[in-house]
Structures are given as C-alpha cells and as structure tokens.
Amino acid sequence: MDDKKLIESGDALLGIEFGSTRIKAQLINQDGTPLAVGSFDWENDLKDGYWTYGLDKITNGLKSCYSSLADDIYQKYDLRLKRVKGIGISAMMHGYLALDGEGRLLVPFRTWRNSTAASAAEKLTELFDFNIPERWSISHLYQVLLDKEEHTDKIHYITTLAGYIHYRLTGEKVLGIGDASGMFPIDSSTLNYDENLLEKFSSLAEVKACSWNIKDIFPKVRIAGEVCGTLTLDGAALLDESGNLEKGIPLCAPEGDAGTGMVATNSVAVRTCNVSAGTSIFAMIVLEKSLSRLHREIDMVTTPSGHAVAMVHANNCTSDLNAWVNLFREYTESLGVKRSRNEIYETLYRKALEGESDCGELLSYGYLSGEYITGLAQGRPLFMRTPESRFTLANFMRSHLYSSIAALKIGMDILTKDEQVKLDRVLGHGGLFKTKEVGQSFMADALETKVTVMENAGEGGPWGMALLALYMADRTQGQTLEDFLSVRIFGKDEGYTVAPDPQNSAGFEKYIENYIKGLTIEKKAAEVL
C-alpha cells in the first residue's frame with residue numbers, strides 16, 4: 001500500500017511530543033517511516049517564582065501543532081486526515097499538574113525546571129532511602145503540603161503534562177510506566193508504584209492530615225503495548241479544530257520524553273544508553289544489575305516496558321549556547337549578510353572543531369536555571385577567561401559546547417567509574433546532534449566511548465512516540481518492545497558512529513577540572529546578581 005492510500009485508509013500512526021521549546025507531531029507508516037510532520041514553537045514563562053506553560057498555551061499549542069501536521073499532509077498527499085490506527089502523547093517528564101474534581105487546574109503547571117522543592121526532596125530521599133529529585137511530582141506534592149498551600153484539600157488528580165493531555169483526549173487517568181517513574185519510585189517486579197514507599201509517604205503527618213489517599217490521586221500505571229483509552233468526541237475537537245478527525249481512535253500509554261528517547265534510539269535493552277540533548281540533557285542507561293548504593297546525582301526510572309534505568313539529568317544544555325548563536329546571527333544581519341539559522345549553527349559548531357582540546361582555558365556555565373548535579377539552586381549564565389586564556393572564536397564555541405554536556409559528564413562518571421556500569425553502546429539524539437559529528441564527537445570525548453547518531457537524531461521524540469503507538473496497534477502477540485524495535489524498525493540501520501579521541505578526552509578532563517573549581521564563582525554569581 002502506498003503512503004497516500006495508507007493515510008486514506010486510516011492505517012498511519014501519530015505521535016505528538018511536548019518538548020521544552022517545541023511541540024512536535026509526526027505521522028508514520030507501518031515500517032516506522034515518517035510521512036508528515038507538524039510543529040509549534042513555544043517557551044516557558046517565569047511567573048510568581050515558578051517556570052510554567054499557561055493552560056491556554058498548552059491547548060493552543062496542541063491545536064497549532066496538529067494543524068501544522070494536517071497542512072503538511074494536505075500539501076503532500078491532497079488529503080484531510082480523518083483517522084489513524086493509533087495515537088501516542090509524550091511530554092517533558094516530572095513537574096506538578098494538580099486538578100480538582102471538575103478537572104480544572106488548581107495552580108499553574110509547575111515544570112521540571114523548577115528548583116523549589118529542595119526541602120521535600122531531601123526529606124523524602126531520607127525517608128525512602130531512594131533518590132527523589134526536586135523535579136519529581138512527589139517532591140512538588142510534598143512541598144505544597146509543607147508550605148501549607150491552600151489548594152491541597154481540593155486535589156483529586158495529579159499527573160504529568162503527557163498524562164494531562166491524554167486525560168483531555170480520552171478521559172482516562174493513566175500514565176506510561178516510564179513517565180510514572182518520574183512521579184514516584186517504581187517496583188520493576190510488580191510494574192507499579194513501589195507499595196512500601198507509598199505506605200511510607202502516607203504515614204507522614206502532613207499527608208495524614210489530607211482528605212485524599214495518594215493511591216487515588218495518582219494516574220494508573222500502564223505498560224508499552226497496552227490500549228489506554230480511545231479518542232473522545234471532545235478530545236477530537238480539542239486536537240483538530242477543523243472537525244475532520246474522528247473519535248474512537250485508540251491511544252497508547254502516554255510517556256515521558258526520556259521514554260521516547262530510548263525508543264527512538266533503540267535503547268531499551270540492557271547495557272544500552274541514549275543521550276538526549278536539547279534544552280536539558282539526560283542520559284538513560286538500562287541496567288543489568290542494581291547500583292551498589294544511593295547516589296543523589298542519579299535518578300532511578302524505567303523503560304516504557306518497566307526495566308530499571310539509571311538516569312543522569314542536567315537541567316541546562318543548549319539554551320545559553322543558542323543565545324550566543326542568536327547573537328552572532330544578529331551581528332551578521334547588522335552587516336547586511338543574510339544567512340539562515342541552520343547555516344549559522346553549522347558554521348559556528350564546525351568552528352568549534354578547530355578549537356584546542358581544553359578550550360584554551362576558557363570557561364562557560366550555561367546555567368539559565370539551577371543545576372542539581374553541581375549543587376546550584378539558581379543559575380546565572382557565565383563566561384570566564386584569564387588574561388592568559390587563548391580567546392579565539394574556535395575556543396569560545398568549543399567551551400560553550402563543552403559546557404552544555406559538562407554536568408552530564410560529572411553524573412556519568414559516577415556510573416562508569418564509581419559503579420563500574422558497562423555500556424555496549426551510546427546513542428545520541430536531540431538538537432545538539434543535528435550538526436553532523438560536532439556534538440557527537442565532543443560527547444564521545446567526554447564519555448570516552450563510541451557515540452552513534454541515527455538519521456532521526458534531531459526529531460526523536462514524536463517519532464519514538466509514534467513507534468509506541470505502532471507497537472500498541474500492530475505488534476505480534478507476546479512480542480517484546482526490544483524485539484519489535486530491533487527487528488521491525490531498525491533492522492540493519494546502524495547509524496553513524498564516532499569514536500573518542502584520546503587527546504581530546506584528556507583536554508575535556510582538564511576542562512572539567514577547571515569547571516569544577518569555577519563552580520564557586522558560579523554560586524557567588526547567583527548570590528549577588
């Protein structure tokens with residue numbers, strides 16, 4: 001069946017992901033090949049001390065993204081999309097979305113980016129003997145109880161952004177296990193929230209005083225491959241304002257961006273690792289055995305099938321780097337030189353390859369927000385050099401690219417050096433890897449291991465979610481997600497691989513030594529500015 005007939009017959013699959021800076025949609029065929037795309041650019045806002053996306057921005061962004069996809073389908077195939085075989089929704093993990101009994105938001109959405117639940121995270125980590133980061137939903141929930149916020153007695157449902165959109169589309173209060181593992185610890189043997197830790201949380205004095213039970217207000221955990229509701233009439237109208245999309249379409253479990261990253265890079269099997277690098281950066285390593293002890297820098301989450309995963313997450317990656325690239329773009333426009341955004345990125349990124357392995361002793365901190373791995377509650381973008389530093393464009397760009405992955409490296413060293421975690425392969429995806437070889441080479445040097453990038457590296461999220469929808473709709477009985485991806489989707493596609501350069505790895509280590517020393521300056525900057 002050709003692509004036009006496939007779409008017309010309703011056999012294509014749709015994935016939508018709410019990223020930090022873009023909402024993206026992708027339509028794929030039965031082989032996982034992309035057929036059409038849509039997107040909508042957006043940014044978070046800092047309101048009343050919290051990073052948030054307004055409810056209007058969320059719903060209008062969803063509509064605009066879908067409309068962009070529908071327009072792309074019409075232009076390519078002269079068709080109006082009416083039906084698909086399955087839909088999947090994914091989004092940024094963690095955060096706090098609290099709804100009342102009528103399904104209304106009690107407070108504006110608090111994203112993963114907020115560093116406002118330190119007290120709750122510390123107390124829960126000690127109580128659970130399990131690392132609970134500030135950005136996790138349970139930290140946000142406990143913090144609002146500690147702060148005695150007025151809305152707490154009205155809570156009927158707490159979920160993530162993906163879970164919220166899925167609820168609006170289907171009426172189902174469910175969440176994929178990977179996304180759920182960023183709300184509360186998961187027991188991989190039961191494929192559900194850890195029962196023992198739920199009891200411990202419920203025993204807290206602040207929780208006992210509430211009218212609700214934690215088990216009732218959290219979404220039900222679902223596994224990859226399960227049908228998790230169908231598109232309602234209201235859901236179809238929310239998604240497609242034109243009224244062409246039909247109700248009744250099945251949806252798979254909503255997932256987090258970490259899960260879609262693992263799927264999009266075929267990194268759901270033991271000893272595989274994927275690195276997602278965009279506004280934030282995180283690495284996901286599927287473990288073959290438990291870690292020896294608790295590490296505050298390491299999150300324990302799961303694959304969309306429920307396998308244990310060690311996650312190294314840094315809040316800051318390319319935001320400050322993008323700001324510098326935009327500054328250079330503004331400069332070229334002031335000279336009357338017209339270059340596309342992609343050309344400027346390509347030029348500056350490739351210039352970084354000419355820089356010295358230690359960046360000429362230049363130093364950058366791209367901290368727009370706090371960074372837990374390095375102990376910073378607030379961030380201040382900062383660039384530093386000494387009179388002896390070699391201040392060239394190549395070194396300047398290289399220092400910002402190094403900085404974008406520096407916090408991740410600090411966390412990864414705990415796993416690979418302290419815990420002796422073994423990796424069979426590392427796969428990269430996200431905006432940092434769009435310029436061939438550059439971000440990939442620096443990542444290989446930082447981790448001292450080969451890094452592979454697939455052709456879909458820049459758009460992994462919605463594609464990975466569409467693949468999960470395909471797995472739900474069309475898998476063979478009993479087929480695991482690992483086998484489905486390896487055999488049906490990826491086959492012999494081995495991607496493009498770069499090996500580390502020993503000299504550059506040594507230079508990166510020198511950069512990291514200076515980076516760690518300079519954290520004192522970064523902390524002071526947050527205090528005085």
# chains A, B, ... in the order shown; residues from 1 in each chain; ligands from 1
call {"tool": "closest_atom_pairs", "arguments": {"of": "stretch 398-442 of chain A", "to": "stretch 269-276 of chain A", "cutoff": "9 Å", "atoms": "only C-alpha atoms", "output": "CSV"}}
result
residue,atom,partner,partner_atom,distance
A:Val421,CA,A:Arg271,CA,8.2
A:Lys422,CA,A:Arg271,CA,6.4
A:Leu423,CA,A:Arg271,CA,4.9
A:Asp424,CA,A:Arg271,CA,5.5
A:Arg425,CA,A:Thr272,CA,5.4
A:Val426,CA,A:Cys273,CA,4.7
A:Leu427,CA,A:Asn274,CA,4.6
A:Gly428,CA,A:Val275,CA,4.8
A:His429,CA,A:Ser276,CA,5.1
A:Gly430,CA,A:Ser276,CA,5.5
A:Gly431,CA,A:Ser276,CA,8.5
A:Leu432,CA,A:Ser276,CA,8.5
call {"tool": "residues_around", "arguments": {"residues": "A:Leu238", "least_positions_apart": "3", "cutoff": "8 Å", "atoms": "only C-alpha atoms", "output": "PDB file with all heavy atoms, in the first residue's frame"}}
result
ATOM      1  N   THR A  59      -3.031  24.209  25.354  1.00  0.00           N
ATOM      2  CA  THR A  59      -4.101  23.753  24.451  1.00  0.00           C
ATOM      3  C   THR A  59      -3.967  24.376  23.062  1.00  0.00           C
ATOM      4  O   THR A  59      -4.147  23.687  22.050  1.00  0.00           O
ATOM      5  CB  THR A  59      -5.479  24.074  25.046  1.00  0.00           C
ATOM      6  OG1 THR A  59      -5.562  25.468  25.360  1.00  0.00           O
ATOM      7  CG2 THR A  59      -5.705  23.271  26.313  1.00  0.00           C
ATOM      8  N   LYS A  63      -3.310  22.407  19.415  1.00  0.00           N
ATOM      9  CA  LYS A  63      -4.114  22.639  18.208  1.00  0.00           C
ATOM     10  C   LYS A  63      -3.241  23.098  17.042  1.00  0.00           C
ATOM     11  O   LYS A  63      -3.391  22.624  15.910  1.00  0.00           O
ATOM     12  CB  LYS A  63      -5.178  23.706  18.488  1.00  0.00           C
ATOM     13  CG  LYS A  63      -6.237  23.338  19.506  1.00  0.00           C
ATOM     14  CD  LYS A  63      -7.136  24.534  19.792  1.00  0.00           C
ATOM     15  CE  LYS A  63      -8.073  24.303  20.959  1.00  0.00           C
ATOM     16  NZ  LYS A  63      -9.125  23.341  20.642  1.00  0.00           N
ATOM     17  N   LEU A 169      -7.814  14.098  26.075  1.00  0.00           N
ATOM     18  CA  LEU A 169      -8.183  13.460  24.815  1.00  0.00           C
ATOM     19  C   LEU A 169      -9.068  12.233  25.008  1.00  0.00           C
ATOM     20  O   LEU A 169      -9.903  11.919  24.153  1.00  0.00           O
ATOM     21  CB  LEU A 169      -6.932  13.063  24.025  1.00  0.00           C
ATOM     22  CG  LEU A 169      -6.019  14.200  23.554  1.00  0.00           C
ATOM     23  CD1 LEU A 169      -4.813  13.631  22.808  1.00  0.00           C
ATOM     24  CD2 LEU A 169      -6.775  15.192  22.666  1.00  0.00           C
ATOM     25  N   ASP A 234     -14.964  15.093  22.448  1.00  0.00           N
ATOM     26  CA  ASP A 234     -14.333  16.326  22.946  1.00  0.00           C
ATOM     27  C   ASP A 234     -12.836  16.315  22.675  1.00  0.00           C
ATOM     28  O   ASP A 234     -12.252  17.361  22.358  1.00  0.00           O
ATOM     29  CB  ASP A 234     -14.594  16.484  24.438  1.00  0.00           C
ATOM     30  CG  ASP A 234     -16.032  16.858  24.755  1.00  0.00           C
ATOM     31  OD1 ASP A 234     -16.735  17.309  23.823  1.00  0.00           O
ATOM     32  OD2 ASP A 234     -16.440  16.700  25.924  1.00  0.00           O
ATOM     33  N   GLY A 235     -12.213  15.143  22.819  1.00  0.00           N
ATOM     34  CA  GLY A 235     -10.784  15.030  22.564  1.00  0.00           C
ATOM     35  C   GLY A 235     -10.444  15.302  21.111  1.00  0.00           C
ATOM     36  O   GLY A 235      -9.462  15.985  20.805  1.00  0.00           O
ATOM     37  N   GLU A 241      -9.360  21.302  15.320  1.00  0.00           N
ATOM     38  CA  GLU A 241     -10.420  22.308  15.281  1.00  0.00           C
ATOM     39  C   GLU A 241     -11.229  22.249  13.988  1.00  0.00           C
ATOM     40  O   GLU A 241     -12.362  22.719  13.936  1.00  0.00           O
ATOM     41  CB  GLU A 241      -9.827  23.704  15.457  1.00  0.00           C
ATOM     42  CG  GLU A 241      -9.379  24.017  16.871  1.00  0.00           C
ATOM     43  CD  GLU A 241      -8.928  25.448  17.018  1.00  0.00           C
ATOM     44  OE1 GLU A 241      -7.998  25.858  16.296  1.00  0.00           O
ATOM     45  OE2 GLU A 241      -9.506  26.166  17.855  1.00  0.00           O
TER      46      GLU A 241
END
call {"tool": "atom_distance", "arguments": {"atom1": "atom CA of A:Gly495", "atom2": "atom CA of A:Lys409"}}
result
22.9 Å
call {"tool": "select_by_dssp", "arguments": {"residues": "stretch 61-263 of chain A", "states": "strand (DSSP E)", "output": "PyMOL selection string"}}
result
chain A and resi 86-91+97-99+157-159+174-176+186-187+192-193+220-222+227-230+250-252+255-256
call {"tool": "write_last_selection", "arguments": {"atoms": "C-alpha atoms", "output": "mmCIF file, in the first residue's frame"}}
result
data_model
loop_
_atom_site.group_PDB
_atom_site.id
_atom_site.type_symbol
_atom_site.label_atom_id
_atom_site.label_comp_id
_atom_site.auth_asym_id
_atom_site.auth_seq_id
_atom_site.Cartn_x
_atom_site.Cartn_y
_atom_site.Cartn_z
ATOM 1 C CA GLY A 86 -3.170 4.777 16.912
ATOM 2 C CA ILE A 87 -2.067 7.928 18.733
ATOM 3 C CA GLY A 88 0.593 8.467 21.367
ATOM 4 C CA ILE A 89 1.233 11.524 23.540
ATOM 5 C CA SER A 90 4.522 12.298 25.240
ATOM 6 C CA ALA A 91 5.958 15.323 27.008
ATOM 7 C CA LEU A 97 -0.234 19.300 37.429
ATOM 8 C CA ALA A 98 -2.920 19.195 40.127
ATOM 9 C CA LEU A 99 -6.597 19.024 39.165
ATOM 10 C CA TYR A 157 -5.776 14.096 40.457
ATOM 11 C CA ILE A 158 -2.069 14.715 39.943
ATOM 12 C CA THR A 159 -0.309 13.911 36.699
ATOM 13 C CA VAL A 174 -3.368 6.692 33.169
ATOM 14 C CA LEU A 175 0.357 7.084 32.575
ATOM 15 C CA GLY A 176 3.051 5.027 30.905
ATOM 16 C CA ILE A 186 8.518 2.130 40.559
ATOM 17 C CA ASP A 187 8.874 -1.507 41.570
ATOM 18 C CA ASN A 192 3.636 -0.429 39.539
ATOM 19 C CA TYR A 193 4.398 2.227 42.132
ATOM 20 C CA LYS A 220 -2.817 4.278 36.952
ATOM 21 C CA VAL A 221 0.423 2.796 35.635
ATOM 22 C CA ARG A 222 0.313 1.266 32.154
ATOM 23 C CA VAL A 227 -4.523 0.231 24.739
ATOM 24 C CA CYS A 228 -5.169 3.108 27.146
ATOM 25 C CA GLY A 229 -8.457 4.570 26.028
ATOM 26 C CA THR A 230 -9.869 5.995 22.813
ATOM 27 C CA PRO A 250 -7.063 4.061 20.317
ATOM 28 C CA LEU A 251 -4.284 5.721 22.300
ATOM 29 C CA CYS A 252 -1.256 4.003 23.806
ATOM 30 C CA GLU A 255 5.065 8.594 28.017
ATOM 31 C CA GLY A 256 7.804 10.989 29.038
#
call {"tool": "residues_around", "arguments": {"residues": "A:Arg22", "least_positions_apart": "2", "cutoff": "7 Å", "atoms": "only C-alpha atoms", "output": "VMD selection string"}}
result
chain A and resid 18 to 20 24 39 to 42
call {"tool": "write_last_selection", "arguments": {"atoms": "N, CA, C and O atoms", "output": "mmCIF file, in the first residue's frame"}}
result
data_model
loop_
_atom_site.group_PDB
_atom_site.id
_atom_site.type_symbol
_atom_site.label_atom_id
_atom_site.label_comp_id
_atom_site.auth_asym_id
_atom_site.auth_seq_id
_atom_site.Cartn_x
_atom_site.Cartn_y
_atom_site.Cartn_z
ATOM 1 N N PHE A 18 5.388 17.102 23.570
ATOM 2 C CA PHE A 18 5.525 18.463 24.092
ATOM 3 C C PHE A 18 6.941 18.615 24.630
ATOM 4 O O PHE A 18 7.243 18.203 25.748
ATOM 5 N N GLY A 19 7.838 19.195 23.818
ATOM 6 C CA GLY A 19 9.192 19.451 24.260
ATOM 7 C C GLY A 19 9.300 20.795 24.950
ATOM 8 O O GLY A 19 8.320 21.530 25.086
ATOM 9 N N SER A 20 10.497 21.138 25.367
ATOM 10 C CA SER A 20 10.703 22.388 26.106
ATOM 11 C C SER A 20 10.507 23.622 25.245
ATOM 12 O O SER A 20 10.026 24.648 25.720
ATOM 13 N N LYS A 24 5.883 18.932 18.847
ATOM 14 C CA LYS A 24 6.164 18.307 17.556
ATOM 15 C C LYS A 24 5.229 17.124 17.329
ATOM 16 O O LYS A 24 4.903 16.387 18.265
ATOM 17 N N SER A 39 4.670 21.176 13.793
ATOM 18 C CA SER A 39 5.355 21.703 14.979
ATOM 19 C C SER A 39 4.755 23.038 15.395
ATOM 20 O O SER A 39 4.048 23.696 14.625
ATOM 21 N N PHE A 40 5.059 23.401 16.612
ATOM 22 C CA PHE A 40 4.647 24.693 17.154
ATOM 23 C C PHE A 40 5.709 25.126 18.157
ATOM 24 O O PHE A 40 6.054 24.377 19.072
ATOM 25 N N ASP A 41 6.278 26.305 17.968
ATOM 26 C CA ASP A 41 7.309 26.816 18.866
ATOM 27 C C ASP A 41 6.663 27.460 20.087
ATOM 28 O O ASP A 41 5.672 28.187 19.974
ATOM 29 N N TRP A 42 7.256 27.200 21.253
ATOM 30 C CA TRP A 42 6.771 27.824 22.473
ATOM 31 C C TRP A 42 7.909 27.945 23.468
ATOM 32 O O TRP A 42 8.972 27.350 23.292
#
call {"tool": "atom_distance", "arguments": {"atom1": "atom CA of A:Gly259", "atom2": "atom CA of A:Leu485"}}
result
13.4 Å
call {"tool": "closest_residue", "arguments": {"among": "A:Leu245, A:Leu198, A:Leu348, A:Val438", "to": "A:Val451", "atoms": "only C-alpha atoms"}}
result
A:Val438
call {"tool": "closest_residue", "arguments": {"among": "A:Tyr511, A:Ser389, A:Glu482, A:Asn342", "to": "A:Tyr402", "atoms": "only C-alpha atoms"}}
result
A:Tyr511
call {"tool": "residues_around", "arguments": {"residues": "A:Asn395", "least_positions_apart": "2", "cutoff": "10 Å", "atoms": "only C-alpha atoms", "output": "mmCIF file with all heavy atoms, in the first residue's frame"}}
result
data_model
loop_
_atom_site.group_PDB
_atom_site.id
_atom_site.type_symbol
_atom_site.label_atom_id
_atom_site.label_comp_id
_atom_site.auth_asym_id
_atom_site.auth_seq_id
_atom_site.Cartn_x
_atom_site.Cartn_y
_atom_site.Cartn_z
ATOM 1 N N LYS A 351 33.281 25.400 13.560
ATOM 2 C CA LYS A 351 34.433 26.195 14.005
ATOM 3 C C LYS A 351 34.963 25.646 15.324
ATOM 4 O O LYS A 351 36.180 25.643 15.579
ATOM 5 C CB LYS A 351 34.023 27.661 14.169
ATOM 6 C CG LYS A 351 35.193 28.617 14.380
ATOM 7 C CD LYS A 351 36.057 28.704 13.125
ATOM 8 C CE LYS A 351 37.200 29.688 13.305
ATOM 9 N NZ LYS A 351 38.070 29.718 12.100
ATOM 10 N N ALA A 352 34.057 25.150 16.169
ATOM 11 C CA ALA A 352 34.463 24.595 17.465
ATOM 12 C C ALA A 352 35.403 23.410 17.320
ATOM 13 O O ALA A 352 36.245 23.159 18.191
ATOM 14 C CB ALA A 352 33.218 24.189 18.259
ATOM 15 N N LEU A 353 35.282 22.674 16.217
ATOM 16 C CA LEU A 353 36.176 21.534 15.994
ATOM 17 C C LEU A 353 37.637 21.976 15.850
ATOM 18 O O LEU A 353 38.557 21.181 16.064
ATOM 19 C CB LEU A 353 35.746 20.762 14.744
ATOM 20 C CG LEU A 353 34.414 20.005 14.823
ATOM 21 C CD1 LEU A 353 34.060 19.429 13.464
ATOM 22 C CD2 LEU A 353 34.479 18.907 15.874
ATOM 23 N N GLU A 354 37.845 23.247 15.483
ATOM 24 C CA GLU A 354 39.213 23.773 15.326
ATOM 25 C C GLU A 354 39.812 24.228 16.658
ATOM 26 O O GLU A 354 40.997 24.543 16.742
ATOM 27 C CB GLU A 354 39.216 24.959 14.352
ATOM 28 C CG GLU A 354 38.669 24.628 12.963
ATOM 29 C CD GLU A 354 38.515 25.871 12.097
ATOM 30 O OE1 GLU A 354 39.091 26.929 12.463
ATOM 31 O OE2 GLU A 354 37.819 25.796 11.060
ATOM 32 N N GLY A 355 39.020 24.267 17.697
ATOM 33 C CA GLY A 355 39.495 24.751 18.993
ATOM 34 C C GLY A 355 40.446 23.779 19.665
ATOM 35 O O GLY A 355 40.538 22.600 19.313
ATOM 36 N N GLU A 356 41.152 24.290 20.678
ATOM 37 C CA GLU A 356 42.067 23.452 21.455
ATOM 38 C C GLU A 356 41.276 22.477 22.313
ATOM 39 O O GLU A 356 40.134 22.749 22.694
ATOM 40 C CB GLU A 356 42.954 24.336 22.326
ATOM 41 C CG GLU A 356 43.834 25.300 21.533
ATOM 42 C CD GLU A 356 44.551 26.282 22.433
ATOM 43 O OE1 GLU A 356 45.331 25.830 23.308
ATOM 44 O OE2 GLU A 356 44.329 27.495 22.276
ATOM 45 N N SER A 357 41.882 21.345 22.618
ATOM 46 C CA SER A 357 41.160 20.285 23.324
ATOM 47 C C SER A 357 40.684 20.724 24.710
ATOM 48 O O SER A 357 39.696 20.201 25.220
ATOM 49 C CB SER A 357 42.034 19.031 23.434
ATOM 50 O OG SER A 357 43.185 19.292 24.224
ATOM 51 N N ASP A 358 41.375 21.708 25.334
ATOM 52 C CA ASP A 358 40.946 22.215 26.645
ATOM 53 C C ASP A 358 40.261 23.573 26.537
ATOM 54 O O ASP A 358 40.085 24.272 27.536
ATOM 55 C CB ASP A 358 42.126 22.294 27.608
ATOM 56 C CG ASP A 358 43.151 23.335 27.196
ATOM 57 O OD1 ASP A 358 43.071 23.836 26.050
ATOM 58 O OD2 ASP A 358 44.028 23.654 28.014
ATOM 59 N N CYS A 359 39.904 23.948 25.296
ATOM 60 C CA CYS A 359 39.215 25.223 25.010
ATOM 61 C C CYS A 359 40.086 26.442 25.303
ATOM 62 O O CYS A 359 39.562 27.548 25.529
ATOM 63 C CB CYS A 359 37.902 25.328 25.786
ATOM 64 S SG CYS A 359 36.769 23.969 25.494
ATOM 65 N N GLY A 360 41.393 26.274 25.303
ATOM 66 C CA GLY A 360 42.269 27.417 25.549
ATOM 67 C C GLY A 360 42.086 28.019 26.918
ATOM 68 O O GLY A 360 42.341 29.203 27.129
ATOM 69 N N GLU A 361 41.601 27.187 27.861
ATOM 70 C CA GLU A 361 41.336 27.592 29.246
ATOM 71 C C GLU A 361 40.256 28.664 29.349
ATOM 72 O O GLU A 361 40.248 29.478 30.273
ATOM 73 C CB GLU A 361 42.623 28.026 29.952
ATOM 74 C CG GLU A 361 43.641 26.890 30.056
ATOM 75 C CD GLU A 361 44.786 27.216 30.992
ATOM 76 O OE1 GLU A 361 44.857 28.351 31.480
ATOM 77 O OE2 GLU A 361 45.603 26.305 31.232
ATOM 78 N N LEU A 362 39.337 28.646 28.398
ATOM 79 C CA LEU A 362 38.111 29.431 28.535
ATOM 80 C C LEU A 362 37.110 28.587 29.316
ATOM 81 O O LEU A 362 37.177 27.361 29.312
ATOM 82 C CB LEU A 362 37.535 29.783 27.161
ATOM 83 C CG LEU A 362 38.454 30.516 26.174
ATOM 84 C CD1 LEU A 362 37.702 30.792 24.875
ATOM 85 C CD2 LEU A 362 38.983 31.804 26.774
ATOM 86 N N LEU A 363 36.165 29.240 29.956
ATOM 87 C CA LEU A 363 35.233 28.514 30.807
ATOM 88 C C LEU A 363 33.836 29.115 30.684
ATOM 89 O O LEU A 363 33.671 30.335 30.703
ATOM 90 C CB LEU A 363 35.700 28.589 32.263
ATOM 91 C CG LEU A 363 35.137 27.569 33.258
ATOM 92 C CD1 LEU A 363 35.370 26.143 32.784
ATOM 93 C CD2 LEU A 363 35.768 27.780 34.628
ATOM 94 N N SER A 389 44.316 33.133 28.869
ATOM 95 C CA SER A 389 43.475 32.254 28.053
ATOM 96 C C SER A 389 43.602 32.615 26.574
ATOM 97 O O SER A 389 43.805 33.776 26.216
ATOM 98 C CB SER A 389 42.018 32.376 28.478
ATOM 99 O OG SER A 389 41.846 32.024 29.830
ATOM 100 N N ARG A 390 43.446 31.610 25.709
ATOM 101 C CA ARG A 390 43.514 31.828 24.260
ATOM 102 C C ARG A 390 42.104 32.104 23.758
ATOM 103 O O ARG A 390 41.335 31.175 23.500
ATOM 104 C CB ARG A 390 44.113 30.611 23.546
ATOM 105 C CG ARG A 390 45.642 30.572 23.600
ATOM 106 C CD ARG A 390 46.150 29.994 24.893
ATOM 107 N NE ARG A 390 45.861 28.554 25.000
ATOM 108 C CZ ARG A 390 45.972 27.859 26.120
ATOM 109 N NH1 ARG A 390 46.331 28.460 27.255
ATOM 110 N NH2 ARG A 390 45.707 26.571 26.132
ATOM 111 N N PHE A 391 41.790 33.388 23.657
ATOM 112 C CA PHE A 391 40.429 33.819 23.361
ATOM 113 C C PHE A 391 40.222 33.910 21.851
ATOM 114 O O PHE A 391 40.394 34.968 21.231
ATOM 115 C CB PHE A 391 40.168 35.162 24.035
ATOM 116 C CG PHE A 391 38.717 35.579 24.030
ATOM 117 C CD1 PHE A 391 37.698 34.643 23.943
ATOM 118 C CD2 PHE A 391 38.364 36.921 24.132
ATOM 119 C CE1 PHE A 391 36.372 35.017 23.946
ATOM 120 C CE2 PHE A 391 37.039 37.317 24.140
ATOM 121 C CZ PHE A 391 36.039 36.361 24.039
ATOM 122 N N THR A 392 39.851 32.781 21.232
ATOM 123 C CA THR A 392 39.561 32.719 19.808
ATOM 124 C C THR A 392 38.119 32.262 19.624
ATOM 125 O O THR A 392 37.501 31.708 20.542
ATOM 126 C CB THR A 392 40.488 31.725 19.091
ATOM 127 O OG1 THR A 392 40.199 30.393 19.571
ATOM 128 C CG2 THR A 392 41.955 32.055 19.353
ATOM 129 N N LEU A 393 37.589 32.467 18.431
ATOM 130 C CA LEU A 393 36.217 32.044 18.154
ATOM 131 C C LEU A 393 36.079 30.532 18.302
ATOM 132 O O LEU A 393 35.094 30.038 18.855
ATOM 133 C CB LEU A 393 35.788 32.478 16.753
ATOM 134 C CG LEU A 393 34.373 32.070 16.318
ATOM 135 C CD1 LEU A 393 33.321 32.655 17.267
ATOM 136 C CD2 LEU A 393 34.104 32.510 14.872
ATOM 137 N N MET A 397 33.521 28.875 21.034
ATOM 138 C CA MET A 397 32.413 27.987 20.703
ATOM 139 C C MET A 397 32.611 26.609 21.325
ATOM 140 O O MET A 397 31.665 25.987 21.802
ATOM 141 C CB MET A 397 32.257 27.872 19.186
ATOM 142 C CG MET A 397 31.693 29.119 18.520
ATOM 143 S SD MET A 397 30.143 29.714 19.264
ATOM 144 C CE MET A 397 29.095 28.263 19.099
ATOM 145 N N ARG A 398 33.847 26.148 21.328
ATOM 146 C CA ARG A 398 34.112 24.825 21.909
ATOM 147 C C ARG A 398 33.804 24.826 23.407
ATOM 148 O O ARG A 398 33.255 23.857 23.947
ATOM 149 C CB ARG A 398 35.565 24.439 21.658
ATOM 150 C CG ARG A 398 35.874 22.962 21.918
ATOM 151 C CD ARG A 398 37.317 22.642 21.529
ATOM 152 N NE ARG A 398 37.617 21.237 21.671
ATOM 153 C CZ ARG A 398 37.902 20.417 20.665
ATOM 154 N NH1 ARG A 398 37.878 20.871 19.417
ATOM 155 N NH2 ARG A 398 38.194 19.155 20.891
ATOM 156 N N SER A 399 34.126 25.924 24.093
ATOM 157 C CA SER A 399 33.879 25.995 25.536
ATOM 158 C C SER A 399 32.380 25.933 25.833
ATOM 159 O O SER A 399 31.955 25.319 26.814
ATOM 160 C CB SER A 399 34.490 27.269 26.133
ATOM 161 O OG SER A 399 33.749 28.421 25.769
ATOM 162 N N HIS A 400 31.558 26.552 24.979
ATOM 163 C CA HIS A 400 30.107 26.523 25.199
ATOM 164 C C HIS A 400 29.532 25.145 24.885
ATOM 165 O O HIS A 400 28.590 24.694 25.556
ATOM 166 C CB HIS A 400 29.424 27.601 24.362
ATOM 167 C CG HIS A 400 29.624 28.983 24.911
ATOM 168 N ND1 HIS A 400 29.064 29.399 26.093
ATOM 169 C CD2 HIS A 400 30.336 30.034 24.461
ATOM 170 C CE1 HIS A 400 29.418 30.653 26.343
ATOM 171 N NE2 HIS A 400 30.190 31.056 25.365
ATOM 172 N N LEU A 401 30.080 24.481 23.892
ATOM 173 C CA LEU A 401 29.627 23.119 23.599
ATOM 174 C C LEU A 401 30.062 22.158 24.706
ATOM 175 O O LEU A 401 29.302 21.283 25.110
ATOM 176 C CB LEU A 401 30.172 22.667 22.243
ATOM 177 C CG LEU A 401 29.393 23.221 21.043
ATOM 178 C CD1 LEU A 401 30.238 23.224 19.780
ATOM 179 C CD2 LEU A 401 28.124 22.412 20.817
#
